[in-house]
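The structure appears right after this line, and notes come after that.
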Amino acid sequence: MKRIATTFAALCLTATAATAEVAPTDVAFEDGAVALSLTGSAGNADEGRKIMTSKSSGNCVSCHSADAYADVPFHGEVGPILDGAGSRWTQAELRGLVVNPKMMFEGTVMPAFYKVDGYTRPGDAYTGKAAPADLPPLLTAAQVEDVVAYLMTLTDE
Amino acid sequence: ALTFAAPVVADEDAELVINGDIEIVTKTAAPEHLSDVMDEILSGWRFRSDETQAMEMDDFDNPGMLGAEEGMALFEASWGSEGKACADCHDGPESLSEVRATYPKWNEGAGEVRTIQMQVNDCLTTKMGADAEKYDSGKMLNLEAMLASVARGTPVNVTIDGPAAATWEQGKEIYYTRYGQLELSCANCHEDNYGNLIRADHLSQGQINGFPTYRLKNAKLNGTHSRFKGCIRDTRAETFSPGSPEFVALELYVASRGNGLSVEGPSVRN
């Protein structure tokens, strides 16, 4: 009984800490998937669509096409078509794929969107200059959750 | 059916003949050293739209030829304290028609692999009493365009063994390194994905047989090292500088991937 109580207390603690976001270096993977929301809450699918399709943000469209965002011009062909991704993968798998797809597909050309270290000559965005010491990830925790929420809507009817 | 706004993609079977006369090999068997990764090498010309392709088929339509003409004028002008012109020592650009196809090349006296621009700077500083030109400067690119124009149609044939081998290996390593926050290597785009669209860009093999290239995007001649810099910058990486030892090595390696394609510069690209 005492044991259960402590576990419960620990869980409460994690829950409070989770509102402070999981840092890029603390993300826990299991078989390429990430079970827990990085922000502790669900993302916004409409925001996710914008992030995926705008060049200045996630720019997923530069490699992936999808009927779901056919209104956006110039879809790339480097990655698979994303229609149906929400049926092919679980939410945890999709989160893992956006955080760091190399954990699922070894050597993939797809970048890791929530990672801050392990780079060769990282730069400061597109300036060609060296990265600052506190290089931010490509997407924030909240943006990753937004993208995951949108991917979950891309189901096969 | 998918109805994306797709950019215009070129006719894959078009052949390039310049001025109805100079036949350009834009597709041929890959050199031996690439046999485990690809069978065929293709010039960037094959990946451009019909209109861009057409601009290169006639010197009057090729804006890069204006640079070659200016290069010709520079070749005959004297620069520097010695009062000498290139033409005083070199018997016209035709006497240098082997250059574009064989550079970067090992220079025995200097004990280094030299690009054309390094060699020209050596002539400028040690023989003409002139200041070195900045890498990929307008003058350098005009001279390079002139040297390329007299070499059009000859097969690229850079030497990768002997004393050049170490530099070539260094270039190869750079080619396959995944730089920047996007962790992309040259090979990820130009070996694994040529023929695919990345956003609106139709990826080519990233060959340099057409350099210097006149790009419609910035309306001027562009050098290989500046192109490399742009591609590395696009991986959100800290780039190397034009003229750096890294880019000299990369130029030798990338040139060798095009051994067998014709010299095509000054080419036209978007």
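Identifiers in this document derive from the order of the structure tokens: chains are assigned A, B, ..., residues are numbered from 1 separately in each chain, and ligands are numbered from 1 in order of occurrence.
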
### Message
To test your reading of the structure, identify every residue in stretch 134-246 of chain B that backbone DSSP assigns to helix (DSSP H, G or I), and report it as a count of residues only.
### Response
43

### Query
chain B residues within 7 Å of chain A, counting only C-alpha atoms: which ones, as a PyMOL selection string?
chain B and resi 2+4-6+178-184+188+193+196-200+233-234+236-239

### Task
Please identify all polymer residues within 10 Å of stretch 242-259 of chain B, counting only C-alpha atoms, omitting same-chain residues fewer than 6 positions from it, and present them as a PyMOL selection string.
chain B and resi 26-34+40-43+101-105+113-115+117-118+134-136+155-160+164-175+186+205-209+223-229

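In this model, the gap between atom CA of B:Arg152 and atom CA of B:Val263 comes to 4.8 Å.
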
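The environment of B:Met65 within 10 Å, counting only C-alpha atoms and disregarding residues fewer than 5 places along the same chain, consists of Glu56, Asp58, Asp59, Phe60, Glu70, Gly71, Asn142, Ala145, Met146, Ser149, Tyr214, Leu221, Gly265, Pro266, Ser267 and Val268 of chain B.
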
#### Entry: Surrounding residues of A:Ala28 excluding itself and chain neighbours under 2 positions, 12 Å, only C-alpha atoms, as a VMD selection string
chain A and resid 22 to 26 30 to 38 92 95 to 96 99 to 100 103

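If you look at atom CA of B:Gly195 and atom CA of B:Met55, they are 21.2 Å away from each other.
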
### Query
Could you write out, as a PyMOL selection string, all the residues of stretch 23-266 of chain B that DSSP marks as strand (DSSP E or B)?
chain B and resi 23-24+27-29+40-42+78-79+84-85+105-107+112-114+155+179+184+197-198+201-202+213-215+220-222+237+259+261-262

Generate a file of the selected residues that holds C-alpha atoms, formatted as a short mmCIF file (atom, residue, chain, number, x, y, z; two decimals), in the first residue's frame.
```cif
data_model
loop_
_atom_site.label_atom_id
_atom_site.label_comp_id
_atom_site.auth_asym_id
_atom_site.auth_seq_id
_atom_site.Cartn_x
_atom_site.Cartn_y
_atom_site.Cartn_z
CA GLU B 23 27.88 17.77 -79.80
CA ILE B 24 27.68 17.57 -76.03
CA LYS B 27 24.43 11.21 -70.60
CA THR B 28 26.96 8.41 -70.52
CA ALA B 29 28.17 5.40 -68.57
CA GLU B 40 24.72 6.37 -65.70
CA ILE B 41 25.86 9.96 -65.31
CA LEU B 42 23.74 12.87 -66.48
CA SER B 78 47.73 43.57 -69.39
CA TRP B 79 47.22 43.64 -65.64
CA LYS B 84 51.97 41.47 -69.13
CA ALA B 85 48.81 39.92 -70.54
CA LYS B 105 44.85 18.84 -61.32
CA TRP B 106 47.99 18.00 -59.40
CA ASN B 107 50.74 20.61 -59.84
CA GLU B 112 49.21 20.58 -54.49
CA VAL B 113 46.00 19.97 -56.39
CA ARG B 114 45.07 23.21 -58.13
CA PRO B 155 35.16 14.78 -72.19
CA TYR B 179 26.21 18.24 -42.69
CA LEU B 184 22.04 15.92 -45.48
CA LEU B 197 11.40 16.98 -56.93
CA ILE B 198 12.46 18.64 -53.71
CA ASP B 201 13.39 21.94 -57.67
CA HIS B 202 14.06 19.01 -59.94
CA THR B 213 26.86 28.28 -64.97
CA TYR B 214 24.78 31.30 -65.82
CA ARG B 215 21.82 31.09 -63.43
CA LYS B 220 25.16 36.01 -63.50
CA LEU B 221 27.86 33.41 -63.84
CA ASN B 222 28.24 31.17 -60.79
CA ALA B 237 25.20 23.97 -41.82
CA ASN B 259 34.40 11.95 -66.04
CA LEU B 261 30.44 13.96 -69.73
CA SER B 262 31.39 16.81 -72.06
#
```

### Task
Would you work out the distance separating atom CA of A:Glu47 from atom CA of A:Pro132, expressed in Å to one decimal?
27.4 Å
